[in-house]
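Enquirer: This one is work_5.txt, compact mmCIF, C-alpha atoms.
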# COMPACT_ATOMS: atom_id res chain seq x y z
CA MET A 1 0.00 0.00 0.00
CA CYS A 2 1.19 3.51 -0.77
CA SER A 3 2.80 5.04 2.32
CA THR A 4 1.33 8.44 1.45
CA ARG A 5 -2.19 7.02 1.45
CA LYS A 6 -1.51 5.21 4.74
CA ASP A 7 -0.24 8.38 6.36
CA SER A 8 -3.35 10.27 5.24
CA CYS A 9 -5.51 7.62 6.93
CA SER A 10 -3.59 7.64 10.19
CA TRP A 11 -6.04 10.08 11.78
CA LEU A 12 -8.83 7.53 11.26
CA ASN A 13 -7.07 4.85 13.26
CA ASN A 14 -6.17 7.31 15.99
CA ASP A 15 -9.80 8.38 16.23
CA GLY A 16 -10.81 4.97 17.57
CA ALA A 17 -11.99 3.40 14.32
CA PRO A 18 -11.93 -0.42 14.08
CA GLU A 19 -8.76 -1.83 12.55
CA TRP A 20 -10.62 -3.52 9.68
CA PHE A 21 -12.30 -0.26 8.71
CA TYR A 22 -9.00 1.61 8.82
CA ASN A 23 -7.40 -1.01 6.53
CA PHE A 24 -10.42 -0.99 4.21
CA ILE A 25 -10.28 2.78 3.67
CA CYS A 26 -6.53 2.64 3.09
CA ARG A 27 -6.91 -0.10 0.43
CA TRP A 28 -9.54 1.82 -1.56
CA PRO A 29 -8.30 5.34 -2.41
CA GLU A 30 -11.54 6.18 -4.23
CA MET A 31 -13.48 5.85 -0.96
CA HIS A 32 -13.79 8.94 1.23
CA ILE A 33 -15.45 9.76 4.52
CA ARG A 34 -17.97 12.56 4.09
CA LYS A 35 -20.39 14.29 6.41
CA PRO A 36 -23.90 13.75 5.00
CA SER A 37 -26.30 16.65 4.64
CA SER A 38 -29.55 16.45 6.56
CA LEU A 39 -32.78 15.59 4.73
CA THR A 40 -36.15 15.73 6.43
CA GLU A 41 -38.43 12.71 6.34
CA LEU A 42 -41.02 14.64 4.29
CA ARG A 43 -38.46 15.56 1.64
CA ALA A 44 -37.11 12.03 1.53
CA LYS A 45 -40.60 10.61 0.87
CA ALA A 46 -41.53 13.37 -1.61
CA THR A 47 -38.42 12.80 -3.71
CA SER A 48 -38.93 9.10 -4.30
CA PRO A 49 -38.36 7.90 -7.90
CA GLU A 50 -42.11 7.40 -8.31
CA CYS A 51 -42.93 11.01 -7.34
CA ILE A 52 -40.18 12.50 -9.49
CA ASN A 53 -41.14 10.39 -12.53
CA LYS A 54 -44.79 11.34 -12.09
CA TYR A 55 -43.86 15.04 -12.03
CA PHE A 56 -41.82 14.88 -15.23
CA THR A 57 -44.45 12.77 -16.97
CA GLU A 58 -47.10 15.38 -16.22
CA LEU A 59 -44.76 18.22 -17.21
CA ASP A 60 -44.06 16.50 -20.53
CA ARG A 61 -47.80 16.10 -21.09
CA ILE A 62 -48.43 19.82 -20.51
CA VAL A 63 -45.51 20.91 -22.69
CA THR A 64 -46.68 18.61 -25.49
CA LYS A 65 -50.35 19.60 -25.18
CA TYR A 66 -49.61 23.31 -25.58
CA ASP A 67 -46.82 22.86 -28.15
CA LEU A 68 -44.07 24.38 -25.99
CA LYS A 69 -41.21 21.93 -26.54
CA ASP A 70 -39.44 24.22 -28.99
CA LYS A 71 -40.55 27.44 -27.28
CA SER A 72 -38.20 27.81 -24.33
CA HIS A 73 -38.90 31.55 -24.18
CA LEU A 74 -42.46 30.74 -23.09
CA ILE A 75 -41.49 28.47 -20.16
CA TYR A 76 -40.94 30.48 -16.98
CA ASN A 77 -39.87 29.67 -13.46
CA VAL A 78 -40.51 31.85 -10.41
CA ASP A 79 -38.95 31.66 -6.96
CA GLU A 80 -38.34 33.88 -3.95
CA LYS A 81 -35.38 34.68 -1.73
CA GLY A 82 -35.29 36.36 1.66
CA ILE A 83 -32.65 39.04 2.27
CA ASN A 84 -31.67 39.66 5.88
CA THR A 85 -30.35 43.21 6.35
CA GLY A 86 -28.46 42.36 9.52
CA GLY A 87 -27.51 38.75 8.88
CA THR A 88 -24.74 39.12 6.33
CA ARG A 89 -22.27 36.30 6.68
CA PRO A 90 -18.74 37.57 7.49
CA PRO A 91 -16.21 36.90 4.71
CA ASN A 92 -12.94 35.02 5.24
CA ILE A 93 -9.98 37.25 6.05
CA VAL A 94 -6.23 36.69 6.47
CA THR A 95 -4.79 37.59 9.87
CA SER A 96 -2.26 36.41 12.41
CA LYS A 97 -3.11 33.87 15.10
CA GLU A 98 -2.66 36.50 17.81
CA LYS A 99 -5.29 38.84 16.36
CA VAL A 100 -9.04 38.55 16.92
CA ALA A 101 -10.82 38.62 13.55
CA GLN A 102 -13.90 40.86 13.60
CA VAL A 103 -16.22 42.26 10.94
CA VAL A 104 -18.76 45.03 11.47
CA THR A 105 -22.35 43.98 10.69
CA SER A 106 -25.78 45.55 11.13
CA GLU A 107 -27.35 45.11 14.56
CA ARG A 108 -31.03 45.32 13.65
CA SER A 109 -32.34 42.78 11.20
CA GLN A 110 -35.19 43.00 8.71
CA THR A 111 -36.14 40.52 6.02
CA ILE A 112 -37.02 41.67 2.50
CA THR A 113 -38.28 39.09 0.01
CA VAL A 114 -37.04 39.19 -3.57
CA LEU A 115 -39.34 37.52 -6.09
CA GLY A 116 -37.48 36.50 -9.24
CA CYS A 117 -38.62 35.03 -12.55
CA ASP A 118 -36.91 33.97 -15.78
CA ASN A 119 -37.45 31.66 -18.71
CA ALA A 120 -35.70 28.62 -20.11
CA ALA A 121 -34.14 30.74 -22.88
CA GLY A 122 -32.16 32.72 -20.28
CA ALA A 123 -34.13 35.98 -20.20
CA HIS A 124 -35.05 37.27 -16.75
CA ILE A 125 -37.82 39.59 -15.61
CA PRO A 126 -37.13 42.55 -13.27
CA PRO A 127 -37.37 41.62 -9.57
CA PHE A 128 -40.37 42.21 -7.34
CA LEU A 129 -39.60 43.10 -3.70
CA VAL A 130 -41.75 42.65 -0.60
CA PHE A 131 -40.84 44.98 2.28
CA PRO A 132 -41.84 44.73 5.94
CA GLY A 133 -44.26 47.45 7.01
CA LYS A 134 -47.84 48.64 6.66
CA ARG A 135 -47.38 51.37 4.04
CA MET A 136 -45.41 51.28 0.82
CA LEU A 137 -43.04 54.22 0.54
CA PRO A 138 -41.43 55.39 -2.74
CA GLU A 139 -38.09 55.51 -0.90
CA PHE A 140 -38.11 51.72 -0.61
CA LEU A 141 -37.47 51.49 -4.37
CA THR A 142 -34.52 53.91 -4.42
CA GLY A 143 -31.97 52.65 -6.94
CA ALA A 144 -34.42 50.28 -8.64
CA THR A 145 -33.62 49.08 -12.15
CA PRO A 146 -36.22 49.60 -14.91
CA GLY A 147 -39.25 47.36 -14.40
CA CYS A 148 -38.53 46.61 -10.75
CA ASP A 149 -41.50 47.01 -8.41
CA GLY A 150 -42.41 46.29 -4.81
CA THR A 151 -45.09 46.12 -2.15
CA VAL A 152 -45.56 45.66 1.60
CA SER A 153 -48.36 43.13 1.25
CA GLU A 154 -48.06 39.36 1.15
CA THR A 155 -45.95 37.84 -1.63
CA GLY A 156 -47.91 37.81 -4.88
CA TYR A 157 -47.52 37.91 -8.62
CA SER A 158 -47.32 41.13 -10.59
CA ASN A 159 -49.04 41.53 -13.94
CA SER A 160 -46.01 43.56 -15.04
CA TYR A 161 -44.26 40.21 -15.56
CA VAL A 162 -43.50 39.17 -19.13
CA GLN A 163 -43.76 42.74 -20.36
CA GLY A 164 -44.43 43.31 -24.02
CA ARG A 165 -45.43 39.72 -24.80
CA ASP A 166 -48.23 38.74 -27.12
CA PRO A 167 -51.28 38.15 -24.84
CA SER A 168 -52.47 35.39 -27.16
CA GLN A 169 -49.34 33.32 -26.45
CA ILE A 170 -49.61 30.69 -23.76
CA ILE A 171 -46.97 30.84 -21.02
CA LEU A 172 -46.07 27.96 -18.72
CA LEU A 173 -45.10 29.11 -15.21
CA LEU A 174 -43.35 26.67 -12.86
CA TYR A 175 -43.36 27.63 -9.19
CA ASP A 176 -43.16 26.25 -5.68
CA GLY A 177 -46.72 25.91 -4.42
CA HIS A 178 -45.57 24.92 -0.94
CA ARG A 179 -44.43 28.49 -0.18
CA SER A 180 -46.79 30.37 -2.47
CA GLN A 181 -50.33 31.53 -1.85
CA ILE A 182 -52.69 29.71 -4.20
CA SER A 183 -55.89 31.69 -4.40
CA ILE A 184 -58.94 31.96 -6.62
CA SER A 185 -57.88 35.46 -7.68
CA LEU A 186 -54.46 34.17 -8.76
CA ILE A 187 -56.00 31.36 -10.82
CA GLN A 188 -58.47 33.76 -12.45
CA TRP A 189 -55.68 36.24 -13.24
CA ALA A 190 -53.58 33.46 -14.78
CA ARG A 191 -56.45 32.25 -17.00
CA LYS A 192 -57.17 35.81 -18.12
CA ASN A 193 -53.54 36.26 -19.15
CA ASN A 194 -53.10 32.84 -20.82
CA ILE A 195 -50.71 31.62 -18.12
CA ILE A 196 -50.60 27.94 -17.13
CA LEU A 197 -49.71 27.52 -13.45
CA PHE A 198 -47.68 24.36 -12.90
CA VAL A 199 -46.96 23.73 -9.22
CA LEU A 200 -43.90 21.81 -8.11
CA PRO A 201 -44.65 18.85 -5.82
CA PRO A 202 -44.44 19.75 -2.10
CA HIS A 203 -41.03 19.35 -0.42
CA THR A 204 -39.14 18.89 -3.71
CA SER A 205 -37.87 22.41 -4.39
CA HIS A 206 -34.30 21.41 -3.45
CA LEU A 207 -34.31 19.12 -6.51
CA LEU A 208 -36.95 20.41 -8.92
CA GLN A 209 -36.82 24.20 -8.44
CA PRO A 210 -34.46 25.42 -11.21
CA MET A 211 -33.96 28.93 -9.77
CA ASP A 212 -33.28 27.68 -6.25
CA VAL A 213 -29.70 26.58 -6.96
CA GLY A 214 -29.01 27.88 -10.45
CA CYS A 215 -29.96 31.51 -9.78
CA PHE A 216 -30.60 32.28 -6.13
CA GLY A 217 -27.55 30.27 -5.07
CA PRO A 218 -25.20 32.70 -6.87
CA PHE A 219 -27.54 35.57 -5.89
CA GLU A 220 -27.01 34.93 -2.18
CA ALA A 221 -23.22 34.69 -2.51
CA ILE A 222 -22.94 37.86 -4.62
CA TYR A 223 -25.29 39.77 -2.33
CA GLN A 224 -23.02 38.98 0.62
CA GLN A 225 -20.10 40.53 -1.29
CA TYR A 226 -22.07 43.67 -2.18
CA ALA A 227 -23.34 44.01 1.38
CA HIS A 228 -19.86 43.88 2.91
CA LYS A 229 -18.59 46.34 0.31
CA PHE A 230 -21.42 48.69 1.28
CA MET A 231 -20.49 48.39 4.96
CA ARG A 232 -16.84 49.18 4.20
CA GLN A 233 -17.74 52.22 2.12
CA ASN A 234 -20.27 53.51 4.66
CA ILE A 235 -18.53 53.21 8.02
CA GLY A 236 -20.92 53.53 10.92
CA ARG A 237 -24.04 53.07 8.79
CA SER A 238 -26.15 49.92 8.77
CA ILE A 239 -27.96 48.42 5.79
CA THR A 240 -31.67 49.19 6.02
CA ARG A 241 -34.71 48.43 3.90
CA TYR A 242 -34.07 51.73 2.11
CA ASP A 243 -30.72 50.37 0.82
CA VAL A 244 -31.78 46.85 -0.15
CA CYS A 245 -33.46 47.64 -3.48
CA ALA A 246 -30.37 49.23 -5.02
CA LEU A 247 -28.15 46.37 -3.81
CA ALA A 248 -30.60 43.61 -4.75
CA CYS A 249 -31.19 44.96 -8.27
CA LYS A 250 -27.45 45.05 -9.03
CA VAL A 251 -27.00 41.53 -7.68
CA TYR A 252 -30.13 40.25 -9.46
CA ASP A 253 -28.90 41.39 -12.88
CA HIS A 254 -25.47 39.88 -12.16
CA ALA A 255 -26.64 36.54 -10.77
CA LEU A 256 -29.34 35.92 -13.38
CA CYS A 257 -27.31 36.85 -16.45
CA PRO A 258 -26.93 33.94 -18.95
CA LYS A 259 -23.23 33.45 -18.07
CA LYS A 260 -24.24 32.60 -14.51
CA ARG A 261 -26.75 29.91 -15.49
CA HIS A 262 -26.13 26.45 -14.03
CA TYR A 263 -29.36 24.79 -15.04
CA SER A 264 -31.65 24.09 -17.92
CA ILE A 265 -35.35 23.36 -18.12
Represent the structure contained in this file as C-alpha cells.
Expert:
Amino acid sequence: MCSTRKDSCSWLNNDGAPEWFYNFICRWPEMHIRKPSSLTELRAKATSPECINKYFTELDRIVTKYDLKDKSHLIYNVDEKGINTGGTRPPNIVTSKEKVAQVVTSERSQTITVLGCDNAAGAHIPPFLVFPGKRMLPEFLTGATPGCDGTVSETGYSNSYVQGRDPSQIILLLYDGHRSQISISLIQWARKNNIILFVLPPHTSHLLQPMDVGCFGPFEAIYQQYAHKFMRQNIGRSITRYDVCALACKVYDHALCPKKRHYSI
C-alpha cells in the first residue's frame, strides 16, 4: 500500500476506528469519509423515484399539449429569496493567530423578500420586492432598475411580468406551491392572461426548483459581497430596507445573467 495514502488515513485509526475499517479505507483510495447533509423525512418521501417520474411525466404532457417543446422563451420559473439586512455572513480574512478577527455587521435585522422570474431561454424579468411594514413608501425602491417594483403586502404575482409579450401566447409558469399563496384570484388572473400555473410537488424544491440553486444560489453569494462592500464604504451606517433595493437589483442582474446559469429546463 502507498505510504502516502496510509499516512493520510492515520487520523482515522487514531480516532478509535476499528482496525478492519481503517485497513479498508486505506486499500480503496476512491473511498472517502464525508459528512452527509440532513434531509427531512417529508423531503425524503416526496423525492422518491415514483414522485419524481410522475412530475416529469405530467410536465411533458403539458408541454406537449400546448406545443411548448421548442418554445423555451415561453417556459418560466418563479422563486423567492429572503434578504436579511443584519444577517450578512462575514467573509474570510487573512490575519495572524494573535489577532481577533472581527467584521462590522448591522445590529437590527429585517427581512425583505425578492421575487425573481426567468425563462428557459435565459431571459429574466425585473425583480419584485416585498418589504416589511404597513405602508409602501417610494423611498423603498430607491436605486431600482427599470421594471422593478415592490409592495408591503403578502408575496404575490405582478401583472407587469412578461412585459411586451403577445397576450395570445400561452406561457407555462413553474413555481413552488408549498411556499406560495394559491388563491382563486391568482387562478383567475392566470387564466385571463393565458398563463398555465404548474406547481412543483411539495417538499421537492431542493431538486426540482431550477432557480433555487441555479440563480438564487449565486444571488445569495454575490449579495453577501455587495453588502460587505457597502459596509466598508459607509462606516458607521447599517444596511436598512431603504438600501436593499439598489443592492438587490445590481445583484439580481449579475446573478441571473446567462453566463451565470447552471441549469436548464
Enquirer: Please indicate the distance in Å from atom CA of Gly150 of chain A to atom CA of Phe128 of chain A, rounded to one decimal place.
Expert: 5.2 Å
Enquirer: So the first atom is atom CA of Leu172 of chain A and the second is atom CA of Asp118 of chain A; what is the distance between them in Å, to one decimal place?
Expert: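 Rounded to one decimal, the two atoms are 11.3 Å apart.
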Enquirer: By how many Å are atom CA of Asp79 of chain A and atom CA of Gly177 of chain A apart?
Expert: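 Computing it gives 10.0 Å between the two atoms.
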Enquirer: Using all atoms listed in the file, pick whichever of A:Leu129, A:Ile25, A:Leu59, A:Ile52 has the shortest atom-to-atom distance to Val199 of chain A.
Expert: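 Distance minimum relative to Val199 of chain A lands on A:Leu59.
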Enquirer: Under the rule that all atoms listed in the file are counted, which of A:His203, A:Lys35, A:Lys65, A:His73 is the nearest residue to Leu173 of chain A?
Expert: A:His73
Enquirer: List as number ranges by chain the protein and nucleic acid residues near Thr47 of chain A, meaning an atom at most 9 Å away when only C-alpha atoms are counted, but skip any in the same chain fewer than 6 places from it.
Expert: A: 201, 203-204, 207
Enquirer: Applying 12 Å and all atoms listed in the file, which residues near Asp176 of chain A remain after dropping the ones on its own chain fewer than 5 positions away? List them as an NGL selection string.
Expert: :A and (77-80 or 115 or 181-182 or 197-212)
Enquirer: Calculated over only C-alpha atoms, which of the candidates A:Ile170, A:Cys249, A:Cys51, A:Val213 has the smallest distance to Asn194 of chain A?
Expert: A:Ile170
Enquirer: For Glu139 of chain A, which of A:Asp243, A:Thr113, A:His254, A:Trp28 is the closest residue, counting only C-alpha atoms?
Expert: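 So, comparing all the options, the nearest one is A:Asp243.
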Enquirer: So which one's closest to Asn193 of chain A, A:Pro29, A:Gly116, A:Pro167, A:Pro132? Using only C-alpha atoms, please.
Expert: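 Of all the options, A:Pro167 lies closest to Asn193 of chain A.
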Enquirer: Can you work out which one of A:Cys26, A:Met136, A:Ala123, A:Ile112 has the shortest atom-to-atom distance to Leu74 of chain A, counting only C-alpha atoms?
Expert: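 That would be A:Ala123, the residue with the smallest distance to Leu74 of chain A.
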